[in-house]
Structure formats: C-alpha cells, structure tokens
Amino acid sequence: MTSSPPENELPGMAHAGLLEYWYAVCRSAALRRKPKALMLFGTPIVVFRNQAGLAMTLADRCPHRNAPLSAGTVRKNGNLQCAYHGWEFCGNGTCAHIPGRLGTIPAKWGHVVHYVTEERHGLVWVYASADAEPARSLASLVTEPPEGRYVHVLRELQVEAPLLPTLENALDVPHTAFLHRGLFRGAQPHRITATVTRYPDRVVTEYTGEPRPTGLIAKLLSPSGGLVEHSDRFILPSVAEVEYKIGTENHFLVTAYCTPVDEQRTQMFARVAYRTRALGWLIRPLLEAAAMRIFRQDAAMLKLQSDNQHQFGGEHYLNTELDLMGPHIRRLLKEAETHLELSAVVAARKVEFDA
Amino acid sequence: MTSSPPENELPGMAHAGLLEYWYAVCRSAALRRKPKALMLFGTPIVVFRNQAGLAMTLADRCPHRNAPLSAGTVRKNGNLQCAYHGWEFCGNGTCAHIPGRLGTIPAKWGHVVHYVTEERHGLVWVYASADAEPARSLASLVTEPPEGRYVHVLRELQVEAPLLPTLENALDVPHTAFLHRGLFRGAQPHRITATVTRYPDRVVTEYTGEPRPTGLIAKLLSPSGGLVEHSDRFILPSVAEVEYKIGTENHFLVTAYCTPVDEQRTQMFARVAYRTRALGWLIRPLLEAAAMRIFRQDAAMLKLQSDNQHQFGGEHYLNTELDLMGPHIRRLLKEAETHLELSAVVAARKVEFDA
Amino acid sequence: MTSSPPENELPGMAHAGLLEYWYAVCRSAALRRKPKALMLFGTPIVVFRNQAGLAMTLADRCPHRNAPLSAGTVRKNGNLQCAYHGWEFCGNGTCAHIPGRLGTIPAKWGHVVHYVTEERHGLVWVYASADAEPARSLASLVTEPPEGRYVHVLRELQVEAPLLPTLENALDVPHTAFLHRGLFRGAQPHRITATVTRYPDRVVTEYTGEPRPTGLIAKLLSPSGGLVEHSDRFILPSVAEVEYKIGTENHFLVTAYCTPVDEQRTQMFARVAYRTRALGWLIRPLLEAAAMRIFRQDAAMLKLQSDNQHQFGGEHYLNTELDLMGPHIRRLLKEAETHLELSAVVAARKVEFDA
C-alpha cells in the first residue's frame, strides 16, 4: 500500500556508527506543550512531551500523507496528533487513532520511526538510531557537573559548520591567543608544555607551565592566582570539555555538547560551572558577556572556514604539532563512524609551544 | 548555424502523455496589452494578445540570443517584439521581421515553439504539446457552468505543491472534518457511505447518508436544508469538482482547474457557481471569506507536506480505505503520463466512514 | 599530513587555455590597506598590497584550517596574516610565521597558491594560472590610452552573465539601434557597410557609410560633425573596444576589460577616453549619465538573457549575417580555451545593414 522508499529509510547523513550515540537536541526548559521540530544528522525529528511530561521523539513525518507531525498538537491523552487528517501517534510511534475510520487499526499500519529519549542536566537527549534500543547508556557520555558552591550556566548556540571543525575549535589553544586576544590570554605569550593522550573513546590534553592567563576572563575567574592546572578533553562523539583549576579556590569547567544538525550545522549546548574566591554571581554578567563574545567570534570564524571549504570544493588541512587535538578527534570520529575497532591508548605525546 | 541543444527540445518536466491535454494558464481578464511570462510543466511560456485580441502562446525565448520574449512588447501589427534586437514574431511562432537586416527571412530561421491557445469561461487555455495540433478538444475537458439564477465566482491561487497532492486535497473529505473544522462540517461526525467509480478518464465519488453539514459555509449555502446529494469528481488530468445539491433549492458547484507550473508548484483556478433559497449575492462576502480561509489552510498544509517530502527525499504514502480518490487519481495520471491504455471502468466500491 | 584534494587543485571553471592570460580584477584606487576578496574563473582570490605598496594575489585559503585569508590583515612587514591562528604569508605564497610554534617552518609547509600581479592604467591585473610565470606580457593585451587633450574616465560594473555574451553585447551594433534607441543612434536608420576581419588574436570590424549618429550621446560628442570612422575590436580573451572618429576634432574610445568572475558573472572595467571640439569636461556629466544608462540597460538585458538560458537548460543561438562579431569571438575563445592552433587571418567579409 505504500509507495517508493522503504519505510525506515530516512534521509540525512550516512554516519552509521555515529548514530549509535546520544545527542543533546534541546534544553528541557524549551520543550513545553508545543511539539518542537528539530533536525539530527539531517533527519527531521519532532520532540514532544506526553501526558506524563516525558520527552518523546519521532521522525517528523506522518506516514499517511507525510505532513510534518511538528505542525500538529499534543492531545490530553499524550498522543501527538497530525494537523492534516488528525491521525494520532503514541511516543513509541504506534498509530493510536484515525478519525472517521471504522474498525481497528492494522498493526503494521502507520508506525512512525521513534528515537529513545531521556532528559538529564537540563537537556533533552536523543539516541540517534531509528527504532533501536541504545547500545550504550546516556550516563557513559554525560559528565556530572561538580557539586558544591558553584555557579552553573547553560547556553545554546548554533554554529554553521560541521561537527569536526566545531569540536576542534572548542579545544584549540593556539587560536585563543590570536582570535580572542585580550579576552582570555594576554598579549605576552608564555612557553607551555602540552601532553596529549588518546584513549579508545577520548583524547585528553594536559598543559603544564602555564601561568594564570592574563586576559579579562582569566582575571575575573581567578583574582587570587596560584598554580594552574589546565586540561582539555574530547569525549566521543560530541563532547568538548575545558577545565581550569587555579590555586585551590578557583575552578572553571566548560562542557560543550555538540550535535550534528546536518552536514553544515552544529548545535552547541555549553554548560559552564565555576567557583572563585570572589562572589561568583557578582562576576557572572561580565563573565557571560566576555564568553558570548568569544563564542560569537568562534561561530563567525567557523562559518567563514566552512563557507570557504565549500567554495574550494572540500576541506584541505595542514596539521602542525600545535594541532594537538584535531587529528585525534578526526581519527576517533572516523573509527566510530565506520565501526572500526577503536584506537588503542596512544602513549602521551609532549609538545612545547607559546600561547 | 545554431549551437548546442536541438531546436524543439524544451526544458521542464518529462510528462509525455500529460502534455497532450489543455491547461488553464491565466484569467482572460488578466491578459491585457502586456505579454505575460508564465510557466507550464517547467517550460517558460509567454502569452499575449495579437492585434485581433486573440490569445497566443510561444515558448518564452527569442531564437536569436535567447532573451525572454515576455520582456518585449506587442506591436500594433499584433507581432510580439523581442526587447533585445527587436525581432518580431507572429502568434504561430514565425519570425516576421529582423530590424536592420536586408532581404527576406529564410523560412527555417527564427521559428519559436508555439502552443495552441483558446479562451473559454474567463480562462486562457493552452495545449501543452509544443508545435502540435490538439489531440482532443478543449470542450472535452471543460465542464459548462450551470445556467440560470446562479452566482458565479472565479478565483486563482498558487499552491507550492505538485499536481497530485493538490488534486487529492481538493477532493478529500476526511481532512475537511479536521483541518477545516467548523467551516464546512460541524463538530459532530455522521456516518456516511461513499461509492467510488473509476472511468477511463475520471473518478466519481457519490456520498449518501450525509445530513446537511453543520459548519458555517453549509449553513450559509442551504438555510432551508433538505435531502443532500454530494458528489466529487476528478477529470483527467487537471479537474477537481465538488458538487452539493441540498433539497431542491440549493446547489453548489466548485470546479478547480489545476495547472502544473513546475515540479513543485500548481496554479489553481477555482470556478464556483451556487444558488440558494436566500439571496445569493447577499451571502457572497461571507461565503468568499470562509472559502478563502479554507483555500489558505489547504495551501499552507500542502506546502508543509511538500516541503517535508522534499526533506525526506521523496513521497511515502500510506493509504487507508478513507483515501477514496487519491490512489485512483494517481493511477489515471500515471496511465496518461506513460500512454498506457486507459483504465477500464472499475465497478463502484462502497466505503463507510464518519465525517 | 594533509587531507583530501591535492594541494594545487583549485575549484572553479575548467578553462585551461584561458587561464594563460591577464585579467583586470579591481581598480588600483580601490585596493588600500585592507585585503580584497575577489573571484577569478570561480576561484576565490585575495589581493593585497605589501609593505612596498605592491599588489599581490594569493588563493584565498589558509593552508592550515582553510579560513579565507581575505578575512585577515596585512602586517607592517607586508605579510598577509590569517585571522584564525595568525599564520603569515608573503606575497609569493610562502608561509613566513606560525604564532606559538617553535623551530623553523619546513619548506614544503603552508605554501599558498599565488598569482603574478601587475598594475597598469589604474587597474590591478592578475595572470590567471596558479603559481605560474606569465606566458605573455601584460603589455600585449592592454592598449595604451591616447595621449594629449583627452578626458579619461574609468568605470566598473558587474554583469550577471558569462564572458561571451557580455563581450558580444559590448561590440554588437544592431541592438544599439533598438535597446538604446535615442541614446546613441537616432530614430532613422541608415545603410551601413561593415567589414569584418579575423586575426589569430582579435576580430576587427570597420564601418563605412555611417553618418554621424543622431542620438543624444553622439550629438554631445561631435557637435561639429564630419566624416565618421567607426571600428569595433575584440582582443583575445577579454577586451572589447569601440572607437569613433568624427571629423578631425572628435575622437571617442571605449575599452572594456571583461573578467570572468565565475560561470555566471563578468566584471567589466570600462575605460573611456574622448576629445571633442567642445570643452570635454563640460559635457562629462551628461555623457556619463547617458553612458551609465546604456550600461544599465545592457546589464539588465544580459541578466534576462542569462537567466533565460539557465531556465531553458543552456544557450541556443541563431546567427544571422548581422551578428558580425559574436561567432568570431566564440571561435577565438574556444581555440584559446582548448589550446587549438589559433585561427589564420580570415579575409575581410563585407556586410550591409541598416542601423
């Protein structure tokens, strides 16, 4: 009774292995009564809350006449109702009601592809494989925010660039000294030693010899100074984490969850937690303004870079030993995508540079 | 002397058999002194009136340097003159004059593809095969509006969707009870029996057991009530017709001529004729407002549907027995398109549902 | 260490032989401290002035992370610095500095494709082959403006059409009598004899029997009248030149340098030199207003033509004997593009027509 493409063949990017992970798709607070039209790896999805308030995700297409289910409404019974003919669907994709039609609904009819969905730390997470039970738990991906006297901030922004350059940018130290000069690092560079270690599911870089950075943000965050511990982490496939401990009193942790919207766009959810000797809430407005400026500078550069690669018909990178994380991120993503056996641990590599 | 593609090879959709029909391209009243640039099955055409006021249609390309003839003007002699070098063409596509050039114009030169054109019932009709005599008369396609004490209305609107979903939408009853709730049908559904009959060139559905609909429009049209006769008709390849007779006094007939502009757009010309016990002209403003609201709701939904099919890489329908007309329309269009022998009459099929 | 496409493989149009010529890319006066992002044959280039004020041209892509170098700045040392990580490049494409990195830069690293660049007559010229020494001098292409008591004007405009129709339009007489009626030629046509001669690198048409044109511009330029000498010239691959001598006192020379931006856009630099019996500077405002009107009419028509060819899936020309230059221009461009041996001189062909 159906025409053309087979039922579960969805459009979008062919990233096999990368679909077997969880991705943050929107903030919990942003998902209310109205269903949300989103996109994940190029596939349109609809996220909605059922009558119990649980977040549910379906492919955003009614099987009857292909209207987007996100144009519909959630009924009191928790079903998502299509706006065209009023067909209703449960959160697991089963067709529950066809207005006007007599008799029961055949089981094989009207099933919509669904995606397992969970909420954690203020975000709605979707497991990206259609109609599949998760191969790994969400907990294995999401790091817990620190407890205690911390200020917590959650921000969201869209980057017009693919996943890889977005992740690399978030964990790249050299550009911070140049593109964001004065905001984080000061005008005078210092000799730093970085130690990179690649694990099967992550890459970690630890920096030593770094003085307290002298830019605006660094001063706000660590008025007191002290020994600097700085590490950057990539966790397969979507997490970029930057952590600074300065002395015993100042701690700063940014966790960026990067979600591939499609081949050219990445949605970033940045969770920031910090504590300082100073009153955290007092510096928050200044800190946020400076952080948003950095994010906007990065987003603008990523768009320039991505557009230019498009103009030149593809990406064409030259790596130096200062590109600490990018080549490793690329390799892990590639391995996950193609289901290759995951990398063995690579013995830590030391690199010296100025930043 | 010509370069690249062969002279009569026009762009646009490859719909072979569907080109052997007439299509409404604009309202007669909208075609004045200025030539009109239109599109039919993806081919740009120019429609203009010659000195005798007759509507003529050419492919919208000057054979000399390919400027659009629609950017030119109609001369007093009835020729269409190109705006670039002033070449003139008769309505049959013959080149009549080349400014500055001495001597006669070789017969094989400068012929523009032309399309047989007629006007009827306030519309300009074009036979969609290039440089061809019609295989069938316009009269075989166009139904005559009823005579007598009727109010007549002609409206035009563009739908951003292909021909098939547009035709199906125009003849689909179940969505009227949902998408247009309150406008035509009331809140309480009734059991209806539909009888569908497919002929070689049309599909007819007759509804019985239908009470007078209780929505706004129905009340306006049939204040007096009475026995309801309702039938919906598709006539190959572009006509969707809805007819209501309520009692002896009220009669309502919508004929929608649907013209494929290109793969994604359909131009609809809706001719409405009605008479009621009430004074027809009195209810016309209210009726038109309600009808335009219905049209806009349908146009918005068709665009959502069409965009979503594009997102998902194609159409993917599930048909139930409530989809009375769509599958038959698809079949007849397919047969006409591919020059298959046309369907035999399919014995009437009865379906019960609530609307 | 690099990924995907080989280093010097640039995008853009495959015009082999046409790349072995010089093209005007911007006015000298428009190139100041800020690097300029331009495009030549579909390849993004960046043009900038080094510390000595010399114009330099590189492919507009940093080899490191592919940011457009045009988003960067020129340093005091004359290097072009990328805006992302601060890498610096000399005008010959050599990478001169990588911030933060210790040790020397390996020779094979970070070379950016460069283009030989010169300035002449107020224009910046680029030799379109990547990393190549010019096969011919700029002087062989650029004609010298006349010396003496002349008014000189340089204007720039972008045309949304490919190179060939733009060149043909600039040298086409018949359309001037129609599209620009009244501006250059008057209402009454005259019999003209044109003599066309094709050389290996140019086409020249000389017109005899032409009276002084009677349009506005012609009257402004030659108040005194006299014998008219008119010739039009195409010089491979980008120059269209129109010259009028009217009597002994009036001389008018337009040299249009046409640069292929990409497949659909041509940048035109029009150099006008004229002297008349009247005070040249006095008529300049009127003359410029009329000339700009002609340019805009042509640009609008070229866009219509080009868009229409796109709609119809390609160009499809019919040539008459009035198309004096176009077919020859096409042939020379084709020969140059494909490295065919260049045409022998074609004995002058005479054509009569009215304009």
# chains A, B, ... in the order shown; residues from 1 in each chain; ligands from 1

call {"tool": "interface_residues", "arguments": {"of": "chain B", "to": "chain A", "cutoff": "6 Å", "atoms": "only C-alpha atoms", "output": "list in words"}}
result
His175, Phe178, Leu179, Gln305, Phe312, His316, Tyr317, Leu318, Phe353, Asp354 and Ala355 of chain B

call {"tool": "residues_around", "arguments": {"residues": "range 269-271 of chain B", "least_positions_apart": "3", "cutoff": "7 Å", "atoms": "only C-alpha atoms", "output": "short mmCIF file (atom, residue, chain, number, x, y, z; two decimals) with all heavy atoms, in the first residue's frame"}}
result
data_model
loop_
_atom_site.label_atom_id
_atom_site.label_comp_id
_atom_site.auth_asym_id
_atom_site.auth_seq_id
_atom_site.Cartn_x
_atom_site.Cartn_y
_atom_site.Cartn_z
N VAL B 153 -18.33 32.83 -9.33
CA VAL B 153 -17.09 33.43 -8.81
C VAL B 153 -15.91 32.69 -9.43
O VAL B 153 -15.95 31.47 -9.59
CB VAL B 153 -17.01 33.30 -7.27
CG1 VAL B 153 -15.77 33.99 -6.73
CG2 VAL B 153 -18.26 33.87 -6.61
N LEU B 154 -14.86 33.43 -9.80
CA LEU B 154 -13.64 32.80 -10.33
C LEU B 154 -12.47 33.30 -9.50
O LEU B 154 -12.24 34.50 -9.41
CB LEU B 154 -13.45 33.19 -11.80
CG LEU B 154 -12.25 32.59 -12.54
CD1 LEU B 154 -12.32 31.08 -12.58
CD2 LEU B 154 -12.17 33.15 -13.96
N ARG B 155 -11.75 32.37 -8.88
CA ARG B 155 -10.61 32.77 -8.05
C ARG B 155 -9.38 31.97 -8.48
O ARG B 155 -9.50 30.86 -8.98
CB ARG B 155 -10.88 32.51 -6.57
CG ARG B 155 -11.76 33.54 -5.92
CD ARG B 155 -11.05 34.89 -5.78
NE ARG B 155 -11.95 35.94 -5.31
CZ ARG B 155 -12.69 36.69 -6.12
NH1 ARG B 155 -12.66 36.51 -7.43
NH2 ARG B 155 -13.47 37.63 -5.63
N GLU B 156 -8.22 32.56 -8.22
CA GLU B 156 -6.95 31.97 -8.66
C GLU B 156 -6.01 31.94 -7.47
O GLU B 156 -5.96 32.90 -6.72
CB GLU B 156 -6.39 32.86 -9.76
CG GLU B 156 -5.02 32.51 -10.26
CD GLU B 156 -4.57 33.50 -11.34
OE1 GLU B 156 -5.30 34.47 -11.61
OE2 GLU B 156 -3.48 33.32 -11.88
N LEU B 157 -5.27 30.86 -7.29
CA LEU B 157 -4.23 30.90 -6.26
C LEU B 157 -3.15 29.88 -6.57
O LEU B 157 -3.41 28.87 -7.24
CB LEU B 157 -4.78 30.70 -4.86
CG LEU B 157 -5.14 29.33 -4.34
CD1 LEU B 157 -5.27 29.38 -2.82
CD2 LEU B 157 -6.43 28.87 -4.96
N VAL B 254 -18.15 23.60 -7.20
CA VAL B 254 -16.79 24.15 -7.32
C VAL B 254 -16.02 23.34 -8.35
O VAL B 254 -15.92 22.11 -8.21
CB VAL B 254 -16.00 24.08 -6.00
CG1 VAL B 254 -14.64 24.77 -6.17
CG2 VAL B 254 -16.76 24.71 -4.87
N THR B 255 -15.49 24.01 -9.36
CA THR B 255 -14.65 23.33 -10.33
C THR B 255 -13.26 23.93 -10.23
O THR B 255 -13.07 25.12 -10.47
CB THR B 255 -15.19 23.52 -11.76
OG1 THR B 255 -16.58 23.18 -11.76
CG2 THR B 255 -14.45 22.65 -12.74
N ALA B 256 -12.28 23.10 -9.82
CA ALA B 256 -10.92 23.60 -9.66
C ALA B 256 -10.06 23.07 -10.80
O ALA B 256 -9.91 21.86 -10.96
CB ALA B 256 -10.36 23.16 -8.32
N TYR B 257 -9.54 23.97 -11.63
CA TYR B 257 -8.61 23.59 -12.70
C TYR B 257 -7.19 23.75 -12.16
O TYR B 257 -6.81 24.84 -11.76
CB TYR B 257 -8.82 24.49 -13.92
CG TYR B 257 -10.21 24.37 -14.52
CD1 TYR B 257 -11.10 25.42 -14.47
CD2 TYR B 257 -10.61 23.18 -15.13
CE1 TYR B 257 -12.37 25.31 -15.01
CE2 TYR B 257 -11.88 23.06 -15.66
CZ TYR B 257 -12.76 24.12 -15.61
OH TYR B 257 -14.02 24.01 -16.14
N CYS B 258 -6.45 22.66 -12.17
CA CYS B 258 -5.12 22.65 -11.54
C CYS B 258 -4.05 22.52 -12.62
O CYS B 258 -4.03 21.52 -13.35
CB CYS B 258 -5.00 21.50 -10.56
SG CYS B 258 -6.22 21.61 -9.22
#

call {"tool": "select_by_dssp", "arguments": {"residues": "range 23-253 of chain A", "states": "strand (DSSP E)", "output": "ChimeraX atom specification"}}
result
/A:23-27,36-40,43-49,55-59,73-74,80-81,88-89,95-97,114-115,117-120,123-127,151-159,191-199,202-208,228-235,239-246,250-253

call {"tool": "write_last_selection", "arguments": {"atoms": "C-alpha atoms", "output": "short mmCIF file (atom, residue, chain, number, x, y, z; two decimals), in the first residue's frame"}}
result
data_model
loop_
_atom_site.label_atom_id
_atom_site.label_comp_id
_atom_site.auth_asym_id
_atom_site.auth_seq_id
_atom_site.Cartn_x
_atom_site.Cartn_y
_atom_site.Cartn_z
CA TYR A 23 22.98 13.71 21.36
CA ALA A 24 21.55 16.73 23.15
CA VAL A 25 18.81 18.18 20.97
CA CYS A 26 17.23 20.96 23.04
CA ARG A 27 17.06 22.39 26.52
CA LYS A 36 9.38 21.03 18.56
CA ALA A 37 10.66 20.49 15.01
CA LEU A 38 14.38 19.69 15.17
CA MET A 39 16.93 18.00 12.96
CA LEU A 40 19.54 15.38 13.83
CA THR A 43 16.76 13.81 9.61
CA PRO A 44 13.79 15.95 10.68
CA ILE A 45 12.56 14.86 14.12
CA VAL A 46 9.75 16.03 16.37
CA VAL A 47 10.25 16.12 20.12
CA PHE A 48 7.23 16.43 22.41
CA ARG A 49 6.09 15.77 25.97
CA ALA A 55 10.01 13.76 26.35
CA MET A 56 9.41 11.62 23.26
CA THR A 57 10.96 11.75 19.79
CA LEU A 58 9.57 10.64 16.43
CA ALA A 59 10.64 11.10 12.82
CA THR A 73 -0.56 19.25 18.66
CA VAL A 74 -0.25 17.02 21.71
CA LEU A 80 0.80 13.59 19.03
CA GLN A 81 -1.90 14.47 16.52
CA GLU A 88 -2.73 10.24 16.46
CA PHE A 89 0.56 8.64 17.49
CA CYS A 95 -0.74 4.87 15.38
CA ALA A 96 -3.46 5.14 18.04
CA HIS A 97 -6.37 6.74 16.18
CA HIS A 114 10.83 6.66 17.02
CA TYR A 115 14.00 7.52 18.92
CA THR A 117 14.79 9.91 24.55
CA GLU A 118 15.98 10.94 28.02
CA GLU A 119 16.42 14.13 29.98
CA ARG A 120 19.44 14.92 32.07
CA LEU A 123 18.93 18.84 28.31
CA VAL A 124 16.81 16.52 26.18
CA TRP A 125 18.94 13.69 24.80
CA VAL A 126 18.09 11.53 21.80
CA TYR A 127 19.69 8.25 20.81
CA VAL A 151 27.69 28.94 39.61
CA HIS A 152 26.04 26.99 36.77
CA VAL A 153 25.17 28.39 33.35
CA LEU A 154 23.66 26.63 30.34
CA ARG A 155 23.83 28.32 26.94
CA GLU A 156 22.88 27.18 23.46
CA LEU A 157 24.02 28.40 20.07
CA GLN A 158 24.06 27.19 16.51
CA VAL A 159 27.26 27.05 14.50
CA ARG A 191 56.07 28.70 26.93
CA ILE A 192 53.66 25.85 27.63
CA THR A 193 54.11 22.10 27.60
CA ALA A 194 51.14 20.04 26.47
CA THR A 195 50.76 16.31 26.97
CA VAL A 196 48.28 14.57 24.70
CA THR A 197 46.91 11.10 25.42
CA ARG A 198 44.45 9.30 23.21
CA TYR A 199 42.16 6.66 24.71
CA ARG A 202 38.55 10.19 24.22
CA VAL A 203 41.54 12.47 23.87
CA VAL A 204 42.94 14.35 26.83
CA THR A 205 45.50 17.16 26.75
CA GLU A 206 47.13 18.43 29.92
CA TYR A 207 49.04 21.68 29.99
CA THR A 208 51.86 22.47 32.34
CA VAL A 228 47.38 26.48 37.14
CA GLU A 229 46.04 23.04 36.17
CA HIS A 230 44.53 23.09 32.70
CA SER A 231 43.20 20.14 30.74
CA ASP A 232 41.12 19.81 27.58
CA ARG A 233 39.07 16.72 26.78
CA PHE A 234 37.24 15.31 23.80
CA ILE A 235 34.79 12.51 24.56
CA VAL A 239 31.73 16.40 23.96
CA ALA A 240 34.41 19.08 24.23
CA GLU A 241 35.45 19.94 27.77
CA VAL A 242 37.83 22.61 29.04
CA GLU A 243 38.85 22.67 32.70
CA TYR A 244 40.96 25.17 34.68
CA LYS A 245 41.94 24.89 38.29
CA ILE A 246 43.86 27.93 39.52
CA ASN A 250 39.22 28.80 41.58
CA HIS A 251 37.70 26.15 39.36
CA PHE A 252 36.26 26.58 35.87
CA LEU A 253 34.67 23.85 33.74
#

call {"tool": "residues_around", "arguments": {"residues": "range 285-292 of chain A", "least_positions_apart": "5", "cutoff": "8 Å", "atoms": "only C-alpha atoms", "output": "JSON, numbers by chain"}}
result
{"A": [183, 216, 217, 220]}

call {"tool": "write_last_selection", "arguments": {"atoms": "C-alpha atoms", "output": "tab-separated table (two decimals), in the first residue's frame"}}
result
chain	number	residue	atom	x	y	z
A	183	LEU	CA	39.76	38.15	26.34
A	216	LEU	CA	39.91	39.66	31.08
A	217	ILE	CA	38.12	36.38	31.71
A	220	LEU	CA	37.69	37.63	36.61

call {"tool": "residues_around", "arguments": {"residues": "Ala161 in chain C", "least_positions_apart": "4", "cutoff": "8 Å", "atoms": "only C-alpha atoms", "output": "count of residues only"}}
result
10

call {"tool": "residues_around", "arguments": {"residues": "range 333-347 of chain A", "least_positions_apart": "6", "cutoff": "9 Å", "atoms": "only C-alpha atoms", "output": "MDAnalysis selection string"}}
result
chainID A and resid 14:20 164 196:201 236:237
